[in-house]
Every structure is written in structure tokens, then in C-alpha cells.
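Participant: See input.txt below, with compact mmCIF, C-alpha atoms.
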```
# COMPACT_ATOMS: atom_id res chain seq x y z
CA MET A 17 -16.40 -1.17 18.60
CA THR A 18 -14.84 -4.58 19.29
CA LEU A 19 -15.95 -7.58 17.24
CA PRO A 20 -15.17 -11.07 18.59
CA PRO A 21 -14.93 -13.87 16.00
CA GLY A 22 -18.32 -14.58 14.48
CA ARG A 23 -19.69 -11.09 15.15
CA ALA A 24 -20.34 -8.40 12.55
CA ALA A 25 -21.08 -4.70 12.18
CA VAL A 26 -22.98 -2.95 9.42
CA PHE A 27 -22.29 0.49 8.02
CA GLY A 28 -24.41 2.90 6.05
CA TYR A 29 -26.34 6.15 6.29
CA ARG A 30 -29.09 7.52 8.49
CA ARG A 31 -32.27 8.71 6.82
CA ARG A 32 -31.62 12.42 7.37
CA SER A 33 -27.84 12.42 7.40
CA GLU A 34 -25.17 11.86 4.77
CA ARG A 35 -22.69 10.95 7.51
CA LEU A 36 -21.39 7.38 7.36
CA THR A 37 -22.37 5.39 10.46
CA VAL A 38 -21.02 2.09 11.77
CA THR A 39 -23.14 0.09 14.22
CA GLY A 40 -23.50 -3.41 15.57
CA ASP A 41 -27.28 -3.74 15.28
CA GLY A 42 -28.21 -1.59 12.29
CA ALA A 43 -30.89 0.21 14.26
CA GLN A 44 -29.50 3.67 13.46
CA ILE A 45 -29.10 2.99 9.75
CA SER A 46 -31.80 3.33 7.14
CA VAL A 47 -29.57 2.67 4.10
CA VAL A 48 -27.14 -0.20 4.70
CA ALA A 49 -24.00 0.12 2.57
CA GLY A 50 -22.04 -2.93 3.72
CA ARG A 51 -20.97 -5.29 6.44
CA VAL A 52 -17.73 -6.07 8.30
CA ALA A 53 -17.38 -9.48 9.96
CA SER A 54 -14.68 -10.78 12.27
CA GLU A 55 -13.19 -14.24 11.74
CA SER A 56 -10.57 -16.10 13.75
CA ASP A 57 -7.58 -15.01 11.64
CA HIS A 58 -8.95 -12.37 9.22
CA TRP A 59 -11.98 -10.20 8.57
CA THR A 60 -14.42 -9.90 5.69
CA LEU A 61 -16.10 -7.03 3.90
CA SER A 62 -19.44 -7.17 2.09
CA ASN A 63 -20.34 -4.49 -0.45
CA PHE A 64 -24.08 -3.89 -0.75
CA SER A 65 -23.71 -1.22 -3.43
CA ALA A 66 -24.98 -2.06 -6.90
CA VAL A 67 -22.53 0.25 -8.70
CA ASP A 68 -19.62 1.42 -6.50
CA PRO A 69 -16.52 -0.58 -5.52
CA TYR A 70 -15.17 -0.13 -1.99
CA VAL A 71 -11.43 0.32 -1.50
CA VAL A 72 -9.52 -1.19 1.43
CA GLU A 73 -6.15 0.47 2.01
CA ASN A 74 -3.34 -1.23 3.93
CA LEU A 75 -2.11 1.39 6.40
CA ASN A 76 1.00 -0.67 7.13
CA ASP A 77 2.02 -0.40 3.47
CA ARG A 78 0.47 2.50 1.61
CA SER A 79 1.27 0.97 -1.75
CA GLU A 80 -1.18 -1.89 -1.11
CA TYR A 81 -4.96 -1.85 -1.47
CA VAL A 82 -7.76 -4.12 -2.59
CA LYS A 83 -11.08 -3.34 -4.26
CA VAL A 84 -14.27 -5.09 -3.20
CA ARG A 85 -16.57 -5.10 -6.18
CA PRO A 86 -20.26 -4.12 -6.06
CA GLY A 87 -22.41 -6.92 -4.69
CA ARG A 88 -19.47 -8.96 -3.36
CA ARG A 89 -20.28 -10.73 -0.10
CA ALA A 90 -17.75 -11.58 2.62
CA ALA A 91 -14.57 -10.77 0.68
CA PRO A 92 -11.65 -11.88 2.91
CA ILE A 93 -9.30 -9.05 3.91
CA LEU A 94 -5.84 -9.89 5.26
CA PHE A 95 -4.67 -6.41 6.30
CA GLU A 96 -4.08 -5.95 10.03
CA LEU A 97 -4.48 -2.18 9.94
CA ALA A 98 -6.81 -0.99 7.21
CA ARG A 99 -8.96 1.87 6.06
CA VAL A 100 -12.23 1.14 4.24
CA VAL A 101 -13.07 3.95 1.82
CA LEU A 102 -16.49 4.52 0.24
CA PRO A 103 -17.22 7.04 -2.51
CA GLY A 104 -19.32 9.89 -1.14
CA ASN A 105 -21.50 12.62 -2.59
CA HIS A 106 -19.00 15.33 -1.70
CA ARG A 107 -15.86 13.47 -0.56
CA PRO A 108 -14.84 9.88 0.19
CA GLU A 109 -15.80 8.59 3.63
CA GLY A 110 -14.50 5.64 5.56
CA PHE A 111 -13.47 3.96 8.78
CA HIS A 112 -10.53 2.04 10.18
CA VAL A 113 -10.39 -1.67 10.94
CA LEU A 114 -7.80 -3.01 13.40
CA ALA A 115 -7.44 -6.78 13.10
CA PRO A 116 -5.54 -9.22 15.32
CA PRO A 117 -2.02 -10.28 14.31
CA PRO A 118 -2.01 -12.98 11.60
CA ARG A 119 -0.99 -16.55 12.22
CA MET A 120 2.54 -17.23 11.03
CA VAL A 121 4.36 -20.28 9.67
CA ASP A 122 6.65 -22.06 12.15
CA PRO A 123 10.22 -20.77 11.58
CA VAL A 124 11.51 -24.32 11.02
CA ASP A 125 9.19 -24.66 8.02
CA MET A 126 10.25 -21.43 6.31
CA LEU A 127 12.49 -21.28 3.26
CA PRO A 128 16.01 -19.96 3.80
CA PRO A 129 16.48 -16.39 2.52
CA SER A 130 18.56 -17.53 -0.46
CA ALA A 131 15.78 -19.83 -1.68
CA ALA A 132 13.04 -17.25 -1.19
CA SER A 133 14.80 -14.36 -2.93
CA PHE A 134 13.07 -13.01 -6.05
CA ALA A 135 16.13 -11.35 -7.49
CA SER A 136 19.78 -10.92 -6.57
CA LEU A 137 19.48 -7.24 -5.71
CA ASP A 138 22.36 -5.75 -3.73
CA GLU A 139 21.02 -3.10 -1.38
CA GLN A 140 24.47 -1.50 -1.14
CA ARG A 141 24.71 -0.74 -4.87
CA LYS A 142 23.72 2.56 -6.47
CA TYR A 143 21.12 0.99 -8.74
CA PHE A 144 19.17 -0.11 -5.65
CA ALA A 145 19.06 3.45 -4.29
CA VAL A 146 17.72 4.57 -7.68
CA LEU A 147 15.06 1.84 -7.45
CA VAL A 148 14.06 2.98 -3.95
CA ALA A 149 13.78 6.57 -5.20
CA LEU A 150 11.50 5.36 -8.00
CA CYS A 151 9.24 3.68 -5.42
CA GLU A 152 9.35 6.42 -2.79
CA PRO A 153 6.19 8.38 -3.79
CA ARG A 154 4.01 5.27 -3.61
CA LEU A 155 5.61 4.08 -0.37
CA ARG A 156 4.80 7.45 1.18
CA GLY A 157 1.15 7.23 0.15
CA GLY A 158 1.20 9.03 -3.19
CA LEU A 159 -1.13 8.12 -6.03
CA PRO A 160 0.13 5.18 -8.13
CA VAL A 161 0.44 7.35 -11.23
CA GLY A 162 3.75 7.94 -12.95
CA ALA A 163 7.21 7.70 -11.39
CA PRO A 164 9.91 10.26 -10.59
CA THR A 165 11.88 11.53 -13.58
CA ALA A 166 15.64 11.11 -13.88
CA SER A 167 16.11 14.77 -12.92
CA GLU A 168 13.94 14.32 -9.82
CA ILE A 169 15.94 11.24 -8.80
CA VAL A 170 19.19 13.19 -9.21
CA GLU A 171 17.83 15.93 -6.95
CA ARG A 172 16.63 13.37 -4.42
CA LEU A 173 19.89 11.40 -4.17
CA ARG A 174 22.53 14.11 -4.47
CA PRO A 175 22.53 14.97 -0.74
CA LEU A 176 24.10 11.53 -0.16
CA PRO A 177 27.92 11.52 -0.22
CA ASP A 178 28.13 8.74 -2.83
CA PHE A 179 25.74 10.56 -5.19
CA ARG A 180 27.08 14.11 -5.23
CA ASP A 181 28.23 13.69 -8.84
CA LEU A 182 25.12 11.84 -9.98
CA THR A 183 23.82 12.82 -13.43
CA ARG A 184 20.65 12.17 -15.42
CA ASP A 185 22.60 9.91 -17.77
CA ALA A 186 23.81 7.84 -14.82
CA VAL A 187 20.26 7.47 -13.49
CA ASN A 188 19.02 6.35 -16.90
CA TYR A 189 21.90 3.85 -17.06
CA HIS A 190 20.87 2.32 -13.72
CA ILE A 191 17.24 2.16 -14.87
CA SER A 192 18.21 0.39 -18.10
CA TYR A 193 20.48 -1.98 -16.13
CA LEU A 194 17.57 -2.96 -13.88
CA ALA A 195 15.15 -3.35 -16.80
CA ARG A 196 17.52 -5.31 -19.06
CA GLY A 197 19.19 -7.39 -16.37
CA LYS A 198 18.14 -7.63 -12.75
CA LEU A 199 14.35 -7.41 -13.15
CA ARG A 200 13.98 -8.46 -16.78
CA PRO A 201 12.24 -11.78 -15.89
CA TYR A 202 9.47 -9.85 -14.11
CA LEU A 203 8.76 -7.39 -16.92
CA ASP A 204 6.99 -7.80 -20.24
CA GLN A 205 9.09 -9.19 -23.07
CA ASP A 206 9.30 -5.82 -24.82
CA SER A 207 10.26 -3.90 -21.67
CA ALA A 208 13.98 -3.77 -22.44
CA SER A 209 13.34 -1.77 -25.61
CA GLY A 210 10.58 0.38 -24.13
CA ARG A 211 10.70 4.10 -23.48
CA VAL A 212 12.59 5.23 -20.38
CA ARG A 213 9.40 6.60 -18.84
CA TRP A 214 7.71 3.23 -19.28
CA LYS A 215 10.70 1.50 -17.69
CA ARG A 216 10.57 3.75 -14.63
CA GLU A 217 6.90 3.06 -14.03
CA ALA A 218 7.24 -0.67 -14.70
CA LEU A 219 10.23 -1.06 -12.38
CA ALA A 220 8.44 0.73 -9.52
CA SER A 221 5.33 -1.43 -9.97
CA VAL A 222 7.28 -4.71 -10.06
CA ALA A 223 9.52 -3.81 -7.11
CA LEU A 224 6.53 -2.92 -4.94
CA ARG A 225 4.37 -5.83 -6.08
CA TYR A 226 7.01 -8.39 -5.09
CA GLU A 227 8.24 -6.36 -2.08
CA MET A 228 11.73 -6.07 -3.45
CA VAL A 229 11.50 -2.52 -2.10
CA ARG A 230 9.72 -1.99 1.21
CA GLU A 231 8.97 0.96 3.45
CA GLY A 232 12.06 0.21 5.57
CA HIS A 233 14.28 0.85 2.54
CA LEU A 234 13.36 4.55 2.67
CA SER A 235 16.09 4.85 5.29
CA LEU A 236 18.59 4.54 2.41
CA LEU A 237 17.41 7.93 1.09
CA PRO A 238 18.10 11.38 2.54
CA ASP A 239 15.45 12.82 4.82
CA PRO A 240 12.67 14.25 2.65
CA PRO A 241 12.54 18.04 2.34
CA SER A 242 10.14 19.80 4.70
CA GLY A 243 6.56 19.22 3.65
CA ARG A 244 7.42 16.33 1.35
CA GLY A 245 6.26 12.80 1.95
CA GLU A 246 3.55 13.81 4.42
CA PRO A 247 0.11 12.21 4.10
CA SER A 248 -2.13 14.11 1.73
CA ALA A 249 -5.19 16.00 2.95
CA ASN A 250 -7.54 13.24 1.86
CA SER A 251 -5.38 10.49 3.37
CA SER A 252 -6.24 9.76 6.98
CA SER A 253 -3.44 9.28 9.50
CA ARG A 254 -2.84 5.85 10.89
CA PRO A 255 -4.62 4.98 14.14
CA GLU A 256 -2.12 4.15 16.85
CA ARG A 257 -2.22 0.78 18.55
CA SER A 258 -2.75 1.23 22.27
CA SER A 259 -4.43 -0.46 25.20
CA SER A 260 -7.60 -0.58 23.08
CA THR A 261 -5.90 -2.75 20.47
CA PRO A 262 -7.92 -5.94 19.91
CA HIS A 263 -6.79 -9.06 21.69
CA GLU A 264 -5.98 -12.24 19.80
CA GLY A 265 -9.04 -13.30 17.81
CA GLU A 266 -10.79 -9.93 18.08
CA GLY A 267 -11.06 -7.05 15.65
CA ALA A 268 -12.13 -3.46 16.03
CA VAL A 269 -13.60 -0.77 13.80
CA GLN A 270 -13.06 2.96 14.21
CA PRO A 271 -14.52 5.92 12.32
CA VAL A 272 -12.06 7.97 10.27
```
Can I see the file as C-alpha cells?

Facilitator:
Amino acid sequence: MTLPPGRAAVFGYRRRSERLTVTGDGAQISVVAGRVASESDHWTLSNFSAVDPYVVENLNDRSEYVKVRPGRRAAPILFELARVVLPGNHRPEGFHVLAPPPRMVDPVDMLPPSAASFASLDEQRKYFAVLVALCEPRLRGGLPVGAPTASEIVERLRPLPDFRDLTRDAVNYHISYLARGKLRPYLDQDSASGRVRWKREALASVALRYEMVREGHLSLLPDPPSGRGEPSANSSSRPERSSSTPHEGEGAVQPV
């Protein structure tokens, strides 16, 4: 379903079916759950539920999502490739939204890289590989709960030539170095004296929030073992952009 700017689609449930339905006129829906509208450079989501938030996942960066609270009308969504997820009676249901490319700032008006840098992180240093390993589960679509332990990071990095002698103590040293030095301004004041587990989780959250670590940095790690890092059973695969991709100014919705 293609939505030119100014057009909208509603989604909800048919009277005798629990299956989520998306339609342009609402004729097939007896219980309307929400509304998607296309704008010139973004799209909006309205949540008609009185109790349930709707989650919008960014399929270009699995660590990013937004929640649209119950009753919120026309919440602006900036993700180009997204999955709208509704809580269901038996399992979550949802659909994909493919939006047009965003408008970008003219290159002559952009800050130089040195001025825009959050922190002086050297991607060639060992501490950065440890930071990427901390962020890897979330970058690959895992739940944002916990972070890899020092032992798990050792196991993950040891296949690399420069990390064959890596130890748990060395990993913990790099974590403390990041928490006390490189990323200290972005953590709570008491973070430097916090437990190592807290530091691991805080560092991963900060690095992902400010995009100090991005999906492209996963290339610094060894290939994941077979079966690791694949999308989970309840995580839908990304829809591929093809000839049906919306043109400039148009968006599209697809069922999951």
C-alpha cells in the first residue's frame, strides 16, 4: 500500500478475526487500533489504544526504537525502515513501514568531523574492540538487557590475532579505562566507582545512544559462530528495498 503525502491508512481488527489488518479506507476494520499518515519528509503514528503503548523498531539499527504512548495522536516517526509492533492476545503483531529518504543538510553547512566528535575514541585500539563486543548483542537485535561478561568478551575476541592472549583481567582493565577516562563525561558521577557489571551495561548504553559504536563496527569482530547473531524467532526479517520502494515523498506499509 503506497501512501502519498497527506494520505493515511488505518489498522485494526476485523469483527470475527484476531488478525491485524491494514487498510486505506477502514471498511474492513471493526476495531480501529491506530493510524499511519504520510508527510513530506516523515510519517506519523497515532495510537488509539487506551492502555497499550505501540513500539516502532528501526530496522536499520536494531538498537533503536520509540514507544508511542496510549492515546497519542500523530507522533512523528523519523525511521526510514521501521516495524510497528502491537501487543497481541497470543503474540505481538505488526507491519512494516518504508519511508522515503530523509532530507539532509547541505555538506557545506556540516561540522567538520573533529568538531562533531563526541569522544576521542581510537578505533584501532584494543579498548574499542572491547566496547564493540559489549554492544554487539544489541546491534544484532538482542534484548537491551545486560551486557556480555568479561569471560564472554574474551571468548569473542580471542580468534583475532591481536587478542589471542586476552584475559578477563585485561578486559576489565579496558572497561575501567573507558568508564574512568574516555566516556566518563557521559556517565553518572558515581560510575567510576560502580560495580564492573554496572559499568559494562552503562558503557554499552552510552556508546549506542550517541552512536560511538555503530553496526558497521561489527566488522572489527570475528565472524559470529554459526547460529549466533541471527534474528530471533519473534523478530521479523527486514523487508528488502526493490522496485516497489516508495518514490521521493511517498511511503509504504507492508504486513509482517

Participant: Show me the residues close to (10.7, 15.5, -7.6) - anything with an atom within 12 Å, counting all atoms listed in the file - and format the list as a list of chain:residue names.

Facilitator: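 Those within range, by chain then number, are A:Ala149, A:Leu150, A:Glu152, A:Pro153, A:Gly162, A:Ala163, A:Pro164, A:Thr165, A:Ala166, A:Ser167, A:Glu168, A:Ile169, A:Val170, A:Glu171, A:Arg172, A:Leu173, A:Pro240, A:Pro241, A:Arg244, A:Gly245.
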
Participant: Kindly export the residues of the current selection with C-alpha atoms, as a short mmCIF file (atom, residue, chain, number, x, y, z; two decimals), in the frame of the given file.

Facilitator:
```
data_model
loop_
_atom_site.label_atom_id
_atom_site.label_comp_id
_atom_site.auth_asym_id
_atom_site.auth_seq_id
_atom_site.Cartn_x
_atom_site.Cartn_y
_atom_site.Cartn_z
CA ALA A 149 13.78 6.57 -5.20
CA LEU A 150 11.50 5.36 -8.00
CA GLU A 152 9.35 6.42 -2.79
CA PRO A 153 6.19 8.38 -3.79
CA GLY A 162 3.75 7.94 -12.95
CA ALA A 163 7.21 7.70 -11.39
CA PRO A 164 9.91 10.26 -10.59
CA THR A 165 11.88 11.53 -13.58
CA ALA A 166 15.64 11.11 -13.88
CA SER A 167 16.11 14.77 -12.92
CA GLU A 168 13.94 14.32 -9.82
CA ILE A 169 15.94 11.24 -8.80
CA VAL A 170 19.19 13.19 -9.21
CA GLU A 171 17.83 15.93 -6.95
CA ARG A 172 16.63 13.37 -4.42
CA LEU A 173 19.89 11.40 -4.17
CA PRO A 240 12.67 14.25 2.65
CA PRO A 241 12.54 18.04 2.34
CA ARG A 244 7.42 16.33 1.35
CA GLY A 245 6.26 12.80 1.95
#
```

Participant: Could you pull out every residue with an atom within 7 Å of (-18.9, -4.8, 12.9), file coordinates, counting all atoms listed in the file, and send them as a ChimeraX atom specification?

Facilitator: /A:19,23-26,39-40,51-53,269

Participant: A:Val222, A:Met228, A:Leu147, A:Leu234: which is nearest Val187 (chain A), counting all atoms listed in the file?

Facilitator: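 For Val187 (chain A), the nearest of the given residues is A:Leu147.
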
Participant: Could you check which of A:Thr60, A:Val82, A:Leu203, A:Leu102 is closest to Thr37 (chain A), using only C-alpha atoms?

Facilitator: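 Smallest distance to Thr37 (chain A) is found for A:Leu102.
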
Participant: Using all atoms listed in the file, can you tell me which of A:Leu97, A:Ala218, A:Val67, A:Leu237 comes closest to Lys142 (chain A)?

Facilitator: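 Answer, going by the shortest atom-to-atom distance: A:Leu237.
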
Participant: I'd like to know which of A:Ala115, A:His233, A:Val47, A:Ser136 is closest to Thr18 (chain A), using all atoms listed in the file.

Facilitator: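 Nearest to Thr18 (chain A): A:Ala115.
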
Participant: Rank nothing, just name the residue among A:Tyr202, A:Tyr193, A:Phe179, A:Tyr70 nearest to Glu109 (chain A), using only C-alpha atoms.

Facilitator: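 Among the listed residues, A:Tyr70 lies closest to Glu109 (chain A).
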
Participant: CA of Ala145 (chain A) and CA of Arg196 (chain A), how far apart in Å?

Facilitator: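 Between CA of Arg196 (chain A) and CA of Ala145 (chain A) the gap works out to 17.2 Å.
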
Participant: Closest to Pro238 (chain A) among A:Arg119, A:Arg35, A:Arg156, A:Arg174, using all atoms listed in the file?

Facilitator: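 For Pro238 (chain A), the nearest of the candidates is A:Arg174.
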
Participant: Tell me, in Å to one decimal, how far CA of Leu36 (chain A) is from CA of Phe111 (chain A).

Facilitator: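 Atom-to-atom, CA of Leu36 (chain A) to CA of Phe111 (chain A), that is 8.7 Å.
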